[in-house]
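Engineer: Just one file: structure_22.cif, with mmCIF, C-alpha atoms.
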```cif
data_my_file
loop_
_atom_site.label_atom_id
_atom_site.label_comp_id
_atom_site.auth_asym_id
_atom_site.auth_seq_id
_atom_site.Cartn_x
_atom_site.Cartn_y
_atom_site.Cartn_z
CA ASP A 150 0.00 -22.63 2.24
CA ARG A 151 2.88 -23.09 4.70
CA GLY A 152 3.32 -19.33 4.88
CA ALA A 153 -0.35 -18.75 5.67
CA ARG A 154 -0.28 -21.40 8.41
CA ALA A 155 2.84 -19.81 9.93
CA ILE A 156 1.14 -16.39 9.99
CA ARG A 157 -1.95 -17.80 11.71
CA GLN A 158 0.24 -19.58 14.27
CA ALA A 159 2.18 -16.37 14.99
CA VAL A 160 -1.08 -14.49 15.52
CA GLU A 161 -2.32 -17.18 17.93
CA VAL A 162 0.91 -16.97 19.94
CA LEU A 163 0.69 -13.19 20.15
CA GLU A 164 -2.96 -13.11 21.06
CA GLY A 165 -2.29 -15.55 23.88
CA SER A 166 0.59 -13.62 25.48
CA ASP A 167 0.19 -10.31 27.31
CA GLU A 168 3.97 -9.90 27.43
CA LEU A 169 4.45 -10.31 23.69
CA ARG A 170 1.49 -8.06 22.92
CA ASP A 171 3.19 -5.28 24.86
CA ASP A 172 6.18 -5.07 22.51
CA PRO A 173 5.42 -2.43 19.86
CA ARG A 174 8.13 -3.63 17.47
CA LEU A 175 6.96 -7.24 17.53
CA LEU A 176 3.33 -6.18 17.26
CA ALA A 177 4.09 -3.93 14.31
CA TRP A 178 5.44 -6.84 12.30
CA ALA A 179 2.89 -9.41 13.46
CA ALA A 180 0.05 -7.07 12.55
CA MET A 181 1.12 -7.31 8.90
CA GLY A 182 0.20 -10.99 8.74
CA PRO A 183 -3.57 -10.57 8.88
CA LEU A 184 -3.37 -7.77 6.33
CA TRP A 185 -1.48 -10.04 3.93
CA LEU A 186 -3.94 -12.90 4.46
CA ARG A 187 -6.97 -10.64 3.83
CA GLU A 188 -8.85 -12.59 6.50
CA VAL A 189 -11.13 -10.30 8.48
CA ASN A 190 -11.43 -12.72 11.42
CA ILE A 191 -7.71 -13.37 11.93
CA GLY A 192 -5.84 -10.97 14.21
CA ARG A 193 -7.36 -7.81 12.78
CA ALA A 194 -7.10 -6.09 16.16
CA LEU A 195 -3.31 -6.48 16.26
CA ALA A 196 -2.62 -3.43 14.09
CA GLY A 197 -4.80 -1.23 16.27
CA ARG A 198 -3.13 -2.61 19.39
CA ALA A 199 0.30 -2.06 17.88
CA LEU A 200 -0.58 1.58 17.28
CA ALA A 201 -1.96 2.02 20.81
CA VAL A 202 1.12 0.40 22.41
CA ALA A 203 3.51 2.42 20.24
CA ARG A 204 1.76 5.65 21.25
CA ARG A 205 1.72 4.70 24.93
CA LYS A 206 5.43 3.88 24.89
CA SER A 207 6.33 6.81 22.62
CA ALA A 208 7.97 4.36 20.22
CA VAL A 209 8.64 6.98 17.57
CA GLY A 210 10.83 4.63 15.58
CA VAL A 211 7.92 2.23 15.10
CA LEU A 212 5.04 4.69 14.69
CA PRO A 213 5.49 5.66 11.01
CA PHE A 214 5.49 2.00 9.98
CA VAL A 215 2.42 1.15 12.06
CA LEU A 216 0.52 4.31 11.15
CA THR A 217 1.04 3.68 7.44
CA HIS A 218 -0.30 0.14 7.58
CA VAL A 219 -3.25 1.02 9.81
CA ALA A 220 -4.10 3.84 7.39
CA LEU A 221 -3.75 1.48 4.44
CA ASP A 222 -6.24 -0.88 6.06
CA GLN A 223 -8.62 2.04 6.66
CA ALA A 224 -8.26 3.19 3.05
CA ALA A 225 -9.53 -0.20 1.92
CA THR A 226 -12.85 0.60 3.63
CA ASP A 227 -14.91 3.80 3.77
CA ARG A 228 -12.70 5.37 6.48
CA TRP A 229 -10.79 7.58 4.05
CA ALA A 230 -10.61 10.63 6.32
CA GLU A 231 -8.99 8.57 9.08
CA ALA A 232 -6.63 7.00 6.59
CA GLN A 233 -5.57 10.40 5.28
CA ALA A 234 -4.87 11.64 8.81
CA GLY A 235 -2.85 8.51 9.55
CA PHE A 236 -0.73 8.85 6.42
CA ARG A 237 -0.04 12.51 7.17
CA GLU A 238 1.03 11.77 10.73
CA ALA A 239 3.30 8.98 9.48
CA ILE A 240 4.86 11.35 6.93
CA ASP A 241 5.50 14.03 9.54
CA LEU A 242 7.09 11.56 11.97
CA ALA A 243 9.17 9.92 9.24
CA ARG A 244 10.53 13.32 8.19
CA GLU A 245 11.36 14.27 11.77
CA THR A 246 13.14 10.98 12.50
CA GLY A 247 14.90 10.63 9.15
CA GLN A 248 13.13 7.38 8.21
CA ARG A 249 13.27 7.82 4.46
CA THR A 250 11.98 4.35 3.63
CA GLU A 251 8.87 4.87 5.73
CA LEU A 252 8.53 8.36 4.26
CA ALA A 253 8.48 6.96 0.73
CA ALA A 254 5.94 4.32 1.71
CA SER A 255 3.60 6.79 3.39
CA LEU A 256 3.86 9.34 0.58
CA ALA A 257 3.13 6.74 -2.10
CA ARG A 258 0.08 5.41 -0.31
CA LEU A 259 -1.24 8.87 0.50
CA ALA A 260 -0.81 9.85 -3.16
CA TRP A 261 -2.86 6.81 -4.18
CA LEU A 262 -5.65 7.74 -1.75
CA GLU A 263 -5.63 11.37 -2.87
CA ALA A 264 -5.88 10.28 -6.50
CA ARG A 265 -9.01 8.31 -5.61
CA GLN A 266 -10.37 11.38 -3.82
CA GLY A 267 -9.73 13.65 -6.80
CA ARG A 268 -7.12 15.71 -4.95
CA SER A 269 -4.99 16.10 -8.05
CA GLN A 270 -2.40 18.65 -6.94
CA GLN A 271 -1.69 16.93 -3.64
CA SER A 272 -1.58 13.51 -5.25
CA LEU A 273 0.87 14.59 -7.94
CA LEU A 274 3.12 16.30 -5.39
CA HIS A 275 3.24 13.31 -3.06
CA ALA A 276 3.56 10.72 -5.83
CA THR A 277 6.47 12.60 -7.38
CA GLU A 278 8.35 12.83 -4.08
CA ALA A 279 7.64 9.17 -3.31
CA LEU A 280 8.85 8.10 -6.76
CA THR A 281 12.08 10.06 -6.39
CA LEU A 282 12.79 8.52 -2.99
CA ALA A 283 11.81 5.03 -4.08
CA ARG A 284 14.14 5.07 -7.05
CA GLU A 285 16.99 6.58 -5.06
CA LEU A 286 16.68 3.98 -2.30
CA GLY A 287 15.72 1.01 -4.49
CA LEU A 288 12.27 0.57 -2.92
CA GLY A 289 10.42 -1.42 -5.56
CA VAL A 290 7.03 -1.66 -3.87
CA CYS A 291 6.99 2.06 -3.06
CA GLU A 292 7.87 2.81 -6.68
CA ILE A 293 4.95 0.63 -7.82
CA TRP A 294 2.51 2.37 -5.46
CA ALA A 295 3.64 5.82 -6.62
CA ILE A 296 3.25 4.87 -10.29
CA ALA A 297 -0.19 3.43 -9.54
CA ALA A 298 -1.19 6.72 -7.91
CA LEU A 299 -0.18 8.63 -11.04
CA GLY A 300 -2.18 6.23 -13.17
CA ASP A 301 -5.27 6.52 -10.99
CA LEU A 302 -4.93 10.28 -11.02
CA GLU A 303 -4.85 10.52 -14.82
CA LEU A 304 -7.68 8.03 -15.18
CA GLY A 305 -9.82 10.00 -12.75
CA LEU A 306 -9.11 13.19 -14.65
CA GLY A 307 -10.37 11.58 -17.85
CA HIS A 308 -6.98 11.11 -19.53
CA PRO A 309 -6.92 7.41 -20.48
CA GLU A 310 -3.88 7.67 -22.76
CA ALA A 311 -1.77 9.28 -20.04
CA ALA A 312 -3.06 6.79 -17.47
CA LEU A 313 -2.18 3.90 -19.76
CA GLY A 314 1.46 4.95 -19.82
CA HIS A 315 1.65 4.82 -16.04
CA PHE A 316 -0.15 1.49 -15.71
CA GLU A 317 1.98 -0.13 -18.40
CA GLU A 318 5.06 1.16 -16.58
CA GLN A 319 3.69 -0.27 -13.32
CA ARG A 320 3.22 -3.67 -14.98
CA ALA A 321 6.73 -3.50 -16.43
CA VAL A 322 8.27 -2.77 -13.02
CA LEU A 323 6.35 -5.68 -11.50
CA ARG A 324 7.61 -8.02 -14.21
CA ALA A 325 11.18 -6.75 -13.91
CA ARG A 326 11.15 -7.42 -10.17
CA SER A 327 9.31 -10.76 -10.53
CA ILE A 328 6.49 -9.55 -8.27
CA ARG A 329 3.28 -11.48 -8.87
CA ASP A 330 1.01 -9.88 -6.28
CA VAL A 331 -2.51 -9.55 -7.66
CA ASP A 332 -3.12 -6.52 -5.41
CA LEU A 333 -0.33 -4.66 -7.20
CA LEU A 334 -1.11 -5.73 -10.76
CA PRO A 335 -3.12 -3.03 -12.62
CA GLY A 336 -5.08 -5.61 -14.61
CA PRO A 337 -8.58 -4.13 -14.22
CA GLU A 338 -7.32 -0.64 -15.02
CA LEU A 339 -5.52 -1.83 -18.13
CA VAL A 340 -8.59 -3.74 -19.32
CA GLU A 341 -10.79 -0.67 -18.88
CA ILE A 342 -8.39 1.65 -20.69
CA TYR A 343 -7.68 -0.74 -23.56
CA LEU A 344 -11.42 -1.13 -24.11
CA ARG A 345 -11.95 2.64 -24.02
CA LEU A 346 -9.25 2.99 -26.67
CA GLY A 347 -10.70 0.23 -28.83
CA ARG A 348 -7.80 -2.17 -28.23
CA GLY A 349 -9.84 -5.30 -27.53
CA GLN A 350 -7.11 -7.89 -28.03
CA GLU A 351 -4.83 -6.19 -25.52
CA ALA A 352 -7.76 -5.90 -23.08
CA ALA A 353 -8.37 -9.64 -23.36
CA GLU A 354 -4.68 -10.40 -22.76
CA ALA A 355 -4.57 -8.13 -19.71
CA ALA A 356 -7.71 -9.77 -18.32
CA GLU A 357 -6.25 -13.24 -18.87
CA GLU A 358 -3.01 -12.31 -17.12
CA PHE A 359 -4.88 -10.84 -14.16
CA GLU A 360 -7.18 -13.86 -13.83
CA ARG A 361 -4.21 -16.25 -14.01
#
```
As structure tokens, please, write out the structure in this file.

Structural biologist:
Amino acid sequence: DRGARAIRQAVEVLEGSDELRDDPRLLAWAAMGPLWLREVNIGRALAGRALAVARRKSAVGVLPFVLTHVALDQAATDRWAEAQAGFREAIDLARETGQRTELAASLARLAWLEARQGRSQQSLLHATEALTLARELGLGVCEIWAIAALGDLELGLGHPEAALGHFEEQRAVLRARSIRDVDLLPGPELVEIYLRLGRGQEAAEAAEEFER
């Protein structure tokens, strides 16, 4: 609760200051708050402004980070084509500027989107590269996203057994890193697959964990 209040206060400060809203680095971080809160009426314009300011100031060091998160927000709606373009631009810029962390993040998220779109070859290629980078650099969240993309890909292709292996690995990585983010937990996917495979007790346990 204290964290949520602090995010809302930061957004209010930013929205009330023209000077602060002209700093692409500060905006890039502040724009993450509303995304974390999942509140559509709190500071949603900050990410778009951060991107516009970064482009205007040619803040190449900030752009991959901002582009990835704007694209992630778009991917959560029906704006998949825009999201794909944003991820690709972020990947290109991250490669050019040597930002390997941002490269892993963009690749993992693009792979997830491509899996949902049925772009199997592209998704596998990007997820594999993201997974290699994430494990080399110790980027737990990027590793989780890449594994999730592989699971979604196999599930979409009609391979529940193969998908199950990825989602169980994703859950294991989350537990090992003590990450309890419901957005990252593959509970619904595990429930669906366990039921398809006739493993009702495990489906019930996965559903209970997700609900908790």

Engineer: Within 9 Å of range 234-252 of chain A, which residues of range 285-305 of chain A come that close, and what is the closest atom pair and distance in Å for each? Count all atoms listed in the file and give it as CSV.

Structural biologist:
```
residue,atom,partner,partner_atom,distance
A:Leu286,CA,A:Thr250,CA,7.6
A:Leu288,CA,A:Thr250,CA,7.6
A:Cys291,CA,A:Thr250,CA,8.7
```

Engineer: Name the residues that the PyMOL selection byres ((chain A and resi 338-354) around 8) pulls out of this structure, and write them as a PyMOL selection string.

Structural biologist: chain A and resi 309-310+313+316-317+335-337+355-358

Engineer: To verify the selection step, state as a VMD selection string which residues the PyMOL selection byres ((chain A and resi 212) around 9) yields on this input.

Structural biologist: chain A and resid 173 177 199 to 200 203 to 204 207 to 211 213 to 217 239 242 to 243

Engineer: Which residues are close to Arg170 in chain A, i.e. within 12 Å by all atoms listed in the file, leaving aside same-chain residues fewer than 2 positions away? Reply as an NGL selection string.

Structural biologist: :A and (159-168 or 172-180 or 192 or 194-203)

Engineer: How many Å separate CA of Ala264 in chain A from CA of Asp301 in chain A?

Structural biologist: 5.9 Å

Engineer: Which residues, named as in the file, does the PyMOL selection byres ((chain A and resi 221) around 10) pick out? Answer as an NGL selection string.

Structural biologist: :A and (184 or 215-220 or 222-226 or 228-229 or 231-233 or 235-236 or 255 or 258-259 or 262)

Engineer: Taking C-alpha atoms for each residue, export the selection above as a PDB file, keeping the file's coordinate frame.

Structural biologist:
```pdb
ATOM      1  CA  LEU A 184      -3.370  -7.770   6.330  1.00  0.00           C
ATOM      2  CA  VAL A 215       2.420   1.150  12.060  1.00  0.00           C
ATOM      3  CA  LEU A 216       0.520   4.310  11.150  1.00  0.00           C
ATOM      4  CA  THR A 217       1.040   3.680   7.440  1.00  0.00           C
ATOM      5  CA  HIS A 218      -0.300   0.140   7.580  1.00  0.00           C
ATOM      6  CA  VAL A 219      -3.250   1.020   9.810  1.00  0.00           C
ATOM      7  CA  ALA A 220      -4.100   3.840   7.390  1.00  0.00           C
ATOM      8  CA  ASP A 222      -6.240  -0.880   6.060  1.00  0.00           C
ATOM      9  CA  GLN A 223      -8.620   2.040   6.660  1.00  0.00           C
ATOM     10  CA  ALA A 224      -8.260   3.190   3.050  1.00  0.00           C
ATOM     11  CA  ALA A 225      -9.530  -0.200   1.920  1.00  0.00           C
ATOM     12  CA  THR A 226     -12.850   0.600   3.630  1.00  0.00           C
ATOM     13  CA  ARG A 228     -12.700   5.370   6.480  1.00  0.00           C
ATOM     14  CA  TRP A 229     -10.790   7.580   4.050  1.00  0.00           C
ATOM     15  CA  GLU A 231      -8.990   8.570   9.080  1.00  0.00           C
ATOM     16  CA  ALA A 232      -6.630   7.000   6.590  1.00  0.00           C
ATOM     17  CA  GLN A 233      -5.570  10.400   5.280  1.00  0.00           C
ATOM     18  CA  GLY A 235      -2.850   8.510   9.550  1.00  0.00           C
ATOM     19  CA  PHE A 236      -0.730   8.850   6.420  1.00  0.00           C
ATOM     20  CA  SER A 255       3.600   6.790   3.390  1.00  0.00           C
ATOM     21  CA  ARG A 258       0.080   5.410  -0.310  1.00  0.00           C
ATOM     22  CA  LEU A 259      -1.240   8.870   0.500  1.00  0.00           C
ATOM     23  CA  LEU A 262      -5.650   7.740  -1.750  1.00  0.00           C
TER      24      LEU A 262
END
```

Engineer: At what distance in Å, to one decimal, does CA of Pro183 in chain A lie from CA of Arg157 in chain A?

Structural biologist: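 Value for the CA of Arg157 in chain A-CA of Pro183 in chain A distance: 7.9 Å.
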
Engineer: Would you work out the distance separating CA of Ala283 in chain A from CA of Gly305 in chain A, expressed in Å to one decimal?

Structural biologist: 23.8 Å

Engineer: Contacts of Leu299 in chain A at 7 Å or less, counting all atoms listed in the file, minus same-chain residues fewer than 2 places along, as an NGL selection string?

Structural biologist: :A and (273 or 276 or 295-297 or 301-303 or 315)

Engineer: For the residues in the current selection, export C-alpha atoms as a PDB file, in the coordinates of the input.

Structural biologist:
```pdb
ATOM      1  CA  LEU A 273       0.870  14.590  -7.940  1.00  0.00           C
ATOM      2  CA  ALA A 276       3.560  10.720  -5.830  1.00  0.00           C
ATOM      3  CA  ALA A 295       3.640   5.820  -6.620  1.00  0.00           C
ATOM      4  CA  ILE A 296       3.250   4.870 -10.290  1.00  0.00           C
ATOM      5  CA  ALA A 297      -0.190   3.430  -9.540  1.00  0.00           C
ATOM      6  CA  ASP A 301      -5.270   6.520 -10.990  1.00  0.00           C
ATOM      7  CA  LEU A 302      -4.930  10.280 -11.020  1.00  0.00           C
ATOM      8  CA  GLU A 303      -4.850  10.520 -14.820  1.00  0.00           C
ATOM      9  CA  HIS A 315       1.650   4.820 -16.040  1.00  0.00           C
TER      10      HIS A 315
END
```

Engineer: Restricting the calculation to only C-alpha atoms: of A:Glu285, A:Val322, A:Arg265, A:Ser327, which residue gets closest to Leu304 in chain A?

Structural biologist: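 Closest to Leu304 in chain A, using only C-alpha atoms: A:Arg265.
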
Engineer: With 3 Å on each side, where is the centre of the axis-aligned box around all listed atoms of range 192-202 of chain A, and how long are its edges in Å to one decimal, as AutoDock Vina command-line options?

Structural biologist:
```
--center_x -3.1 --center_y -4.5 --center_z 17.6 --size_x 14.5 --size_y 19.0 --size_z 15.6
```

Engineer: Looking at only C-alpha atoms, which of A:Ala253, A:Asp227, A:Gly287, A:Gln266 is the one that sits closest to Arg326 in chain A?

Structural biologist: A:Gly287

Engineer: Give me, as a PyMOL selection string, all polymer residues having an atom no more than 9 Å from Leu274 in chain A, counting only C-alpha atoms and skipping those fewer than 5 positions away in the same chain.

Structural biologist: chain A and resi 260+269+279

Engineer: With all atoms listed in the file as the basis for distance, which of A:Leu306, A:Ala321, A:Leu282, A:Ile293 is at the shortest distance from Trp261 in chain A?

Structural biologist: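 Using all atoms listed in the file, Trp261 in chain A sits closest to A:Ile293.
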
Engineer: Could you tell me which of A:Arg154, A:Ala298, A:Val290, A:Ala311 comes closest to Arg329 in chain A if we count only C-alpha atoms?

Structural biologist: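 Nearest candidate to Arg329 in chain A out of A:Arg154, A:Ala298, A:Val290, A:Ala311: A:Val290.
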
Engineer: Pull all heavy atoms for range 196-208 of chain A from the block and write them as a PDB file, in the first residue's frame.

Structural biologist:
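After the write, result_15.pdb holds the following:
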```pdb
ATOM      1  N   ALA A 196       4.241   7.404 -20.279  1.00  0.00           N
ATOM      2  CA  ALA A 196       5.086   6.569 -21.129  1.00  0.00           C
ATOM      3  C   ALA A 196       5.155   7.136 -22.536  1.00  0.00           C
ATOM      4  O   ALA A 196       6.227   7.195 -23.152  1.00  0.00           O
ATOM      5  CB  ALA A 196       4.553   5.135 -21.150  1.00  0.00           C
ATOM      6  N   GLY A 197       4.007   7.561 -23.059  1.00  0.00           N
ATOM      7  CA  GLY A 197       4.003   8.174 -24.386  1.00  0.00           C
ATOM      8  C   GLY A 197       4.804   9.459 -24.424  1.00  0.00           C
ATOM      9  O   GLY A 197       5.518   9.727 -25.391  1.00  0.00           O
ATOM     10  N   ARG A 198       4.693  10.253 -23.349  1.00  0.00           N
ATOM     11  CA  ARG A 198       5.472  11.496 -23.293  1.00  0.00           C
ATOM     12  C   ARG A 198       6.961  11.183 -23.185  1.00  0.00           C
ATOM     13  O   ARG A 198       7.790  11.849 -23.821  1.00  0.00           O
ATOM     14  CB  ARG A 198       5.029  12.360 -22.115  1.00  0.00           C
ATOM     15  CG  ARG A 198       5.816  13.663 -22.037  1.00  0.00           C
ATOM     16  CD  ARG A 198       5.355  14.569 -20.914  1.00  0.00           C
ATOM     17  NE  ARG A 198       6.213  15.744 -20.816  1.00  0.00           N
ATOM     18  CZ  ARG A 198       6.067  16.843 -21.525  1.00  0.00           C
ATOM     19  NH1 ARG A 198       5.079  16.927 -22.394  1.00  0.00           N
ATOM     20  NH2 ARG A 198       6.890  17.869 -21.372  1.00  0.00           N
ATOM     21  N   ALA A 199       7.297  10.182 -22.396  1.00  0.00           N
ATOM     22  CA  ALA A 199       8.702   9.801 -22.260  1.00  0.00           C
ATOM     23  C   ALA A 199       9.286   9.431 -23.614  1.00  0.00           C
ATOM     24  O   ALA A 199      10.419   9.807 -23.946  1.00  0.00           O
ATOM     25  CB  ALA A 199       8.837   8.622 -21.293  1.00  0.00           C
ATOM     26  N   LEU A 200       8.518   8.703 -24.407  1.00  0.00           N
ATOM     27  CA  LEU A 200       8.989   8.314 -25.736  1.00  0.00           C
ATOM     28  C   LEU A 200       9.142   9.529 -26.634  1.00  0.00           C
ATOM     29  O   LEU A 200      10.147   9.669 -27.354  1.00  0.00           O
ATOM     30  CB  LEU A 200       8.012   7.317 -26.350  1.00  0.00           C
ATOM     31  CG  LEU A 200       8.365   6.769 -27.739  1.00  0.00           C
ATOM     32  CD1 LEU A 200       9.750   6.134 -27.739  1.00  0.00           C
ATOM     33  CD2 LEU A 200       7.316   5.752 -28.187  1.00  0.00           C
ATOM     34  N   ALA A 201       8.171  10.439 -26.593  1.00  0.00           N
ATOM     35  CA  ALA A 201       8.234  11.641 -27.434  1.00  0.00           C
ATOM     36  C   ALA A 201       9.426  12.516 -27.049  1.00  0.00           C
ATOM     37  O   ALA A 201      10.148  13.027 -27.925  1.00  0.00           O
ATOM     38  CB  ALA A 201       6.930  12.424 -27.301  1.00  0.00           C
ATOM     39  N   VAL A 202       9.653  12.690 -25.743  1.00  0.00           N
ATOM     40  CA  VAL A 202      10.776  13.522 -25.278  1.00  0.00           C
ATOM     41  C   VAL A 202      12.105  12.866 -25.645  1.00  0.00           C
ATOM     42  O   VAL A 202      13.047  13.533 -26.087  1.00  0.00           O
ATOM     43  CB  VAL A 202      10.680  13.765 -23.757  1.00  0.00           C
ATOM     44  CG1 VAL A 202      11.948  14.421 -23.238  1.00  0.00           C
ATOM     45  CG2 VAL A 202       9.462  14.621 -23.434  1.00  0.00           C
ATOM     46  N   ALA A 203      12.196  11.548 -25.467  1.00  0.00           N
ATOM     47  CA  ALA A 203      13.434  10.840 -25.799  1.00  0.00           C
ATOM     48  C   ALA A 203      13.754  10.958 -27.283  1.00  0.00           C
ATOM     49  O   ALA A 203      14.916  11.132 -27.675  1.00  0.00           O
ATOM     50  CB  ALA A 203      13.321   9.376 -25.395  1.00  0.00           C
ATOM     51  N   ARG A 204      12.730  10.875 -28.127  1.00  0.00           N
ATOM     52  CA  ARG A 204      12.953  11.030 -29.574  1.00  0.00           C
ATOM     53  C   ARG A 204      13.383  12.453 -29.897  1.00  0.00           C
ATOM     54  O   ARG A 204      14.322  12.671 -30.677  1.00  0.00           O
ATOM     55  CB  ARG A 204      11.677  10.678 -30.346  1.00  0.00           C
ATOM     56  CG  ARG A 204      11.320   9.198 -30.363  1.00  0.00           C
ATOM     57  CD  ARG A 204      10.255   8.942 -31.418  1.00  0.00           C
ATOM     58  NE  ARG A 204       9.735   7.601 -31.387  1.00  0.00           N
ATOM     59  CZ  ARG A 204      10.361   6.537 -31.879  1.00  0.00           C
ATOM     60  NH1 ARG A 204      11.561   6.666 -32.405  1.00  0.00           N
ATOM     61  NH2 ARG A 204       9.792   5.339 -31.850  1.00  0.00           N
ATOM     62  N   ARG A 205      12.705  13.428 -29.292  1.00  0.00           N
ATOM     63  CA  ARG A 205      13.021  14.834 -29.576  1.00  0.00           C
ATOM     64  C   ARG A 205      14.439  15.179 -29.159  1.00  0.00           C
ATOM     65  O   ARG A 205      15.124  15.943 -29.838  1.00  0.00           O
ATOM     66  CB  ARG A 205      12.008  15.736 -28.869  1.00  0.00           C
ATOM     67  CG  ARG A 205      12.302  17.229 -28.991  1.00  0.00           C
ATOM     68  CD  ARG A 205      11.093  18.063 -28.603  1.00  0.00           C
ATOM     69  NE  ARG A 205      10.542  17.715 -27.310  1.00  0.00           N
ATOM     70  CZ  ARG A 205      11.012  18.163 -26.147  1.00  0.00           C
ATOM     71  NH1 ARG A 205      12.068  18.971 -26.124  1.00  0.00           N
ATOM     72  NH2 ARG A 205      10.449  17.831 -25.008  1.00  0.00           N
ATOM     73  N   LYS A 206      14.906  14.607 -28.064  1.00  0.00           N
ATOM     74  CA  LYS A 206      16.235  14.909 -27.548  1.00  0.00           C
ATOM     75  C   LYS A 206      17.284  13.898 -28.018  1.00  0.00           C
ATOM     76  O   LYS A 206      18.432  13.958 -27.585  1.00  0.00           O
ATOM     77  CB  LYS A 206      16.199  14.938 -26.021  1.00  0.00           C
ATOM     78  CG  LYS A 206      15.324  16.060 -25.468  1.00  0.00           C
ATOM     79  CD  LYS A 206      15.627  16.329 -24.021  1.00  0.00           C
ATOM     80  CE  LYS A 206      14.934  17.595 -23.552  1.00  0.00           C
ATOM     81  NZ  LYS A 206      15.364  17.994 -22.198  1.00  0.00           N
ATOM     82  N   SER A 207      16.863  12.982 -28.884  1.00  0.00           N
ATOM     83  CA  SER A 207      17.774  11.933 -29.384  1.00  0.00           C
ATOM     84  C   SER A 207      18.472  11.216 -28.243  1.00  0.00           C
ATOM     85  O   SER A 207      19.683  10.960 -28.295  1.00  0.00           O
ATOM     86  CB  SER A 207      18.810  12.543 -30.340  1.00  0.00           C
ATOM     87  OG  SER A 207      18.175  13.136 -31.442  1.00  0.00           O
ATOM     88  N   ALA A 208      17.703  10.880 -27.214  1.00  0.00           N
ATOM     89  CA  ALA A 208      18.249  10.200 -26.032  1.00  0.00           C
ATOM     90  C   ALA A 208      18.319   8.703 -26.310  1.00  0.00           C
ATOM     91  O   ALA A 208      17.513   7.908 -25.820  1.00  0.00           O
ATOM     92  CB  ALA A 208      17.380  10.483 -24.818  1.00  0.00           C
TER      93      ALA A 208
END
```
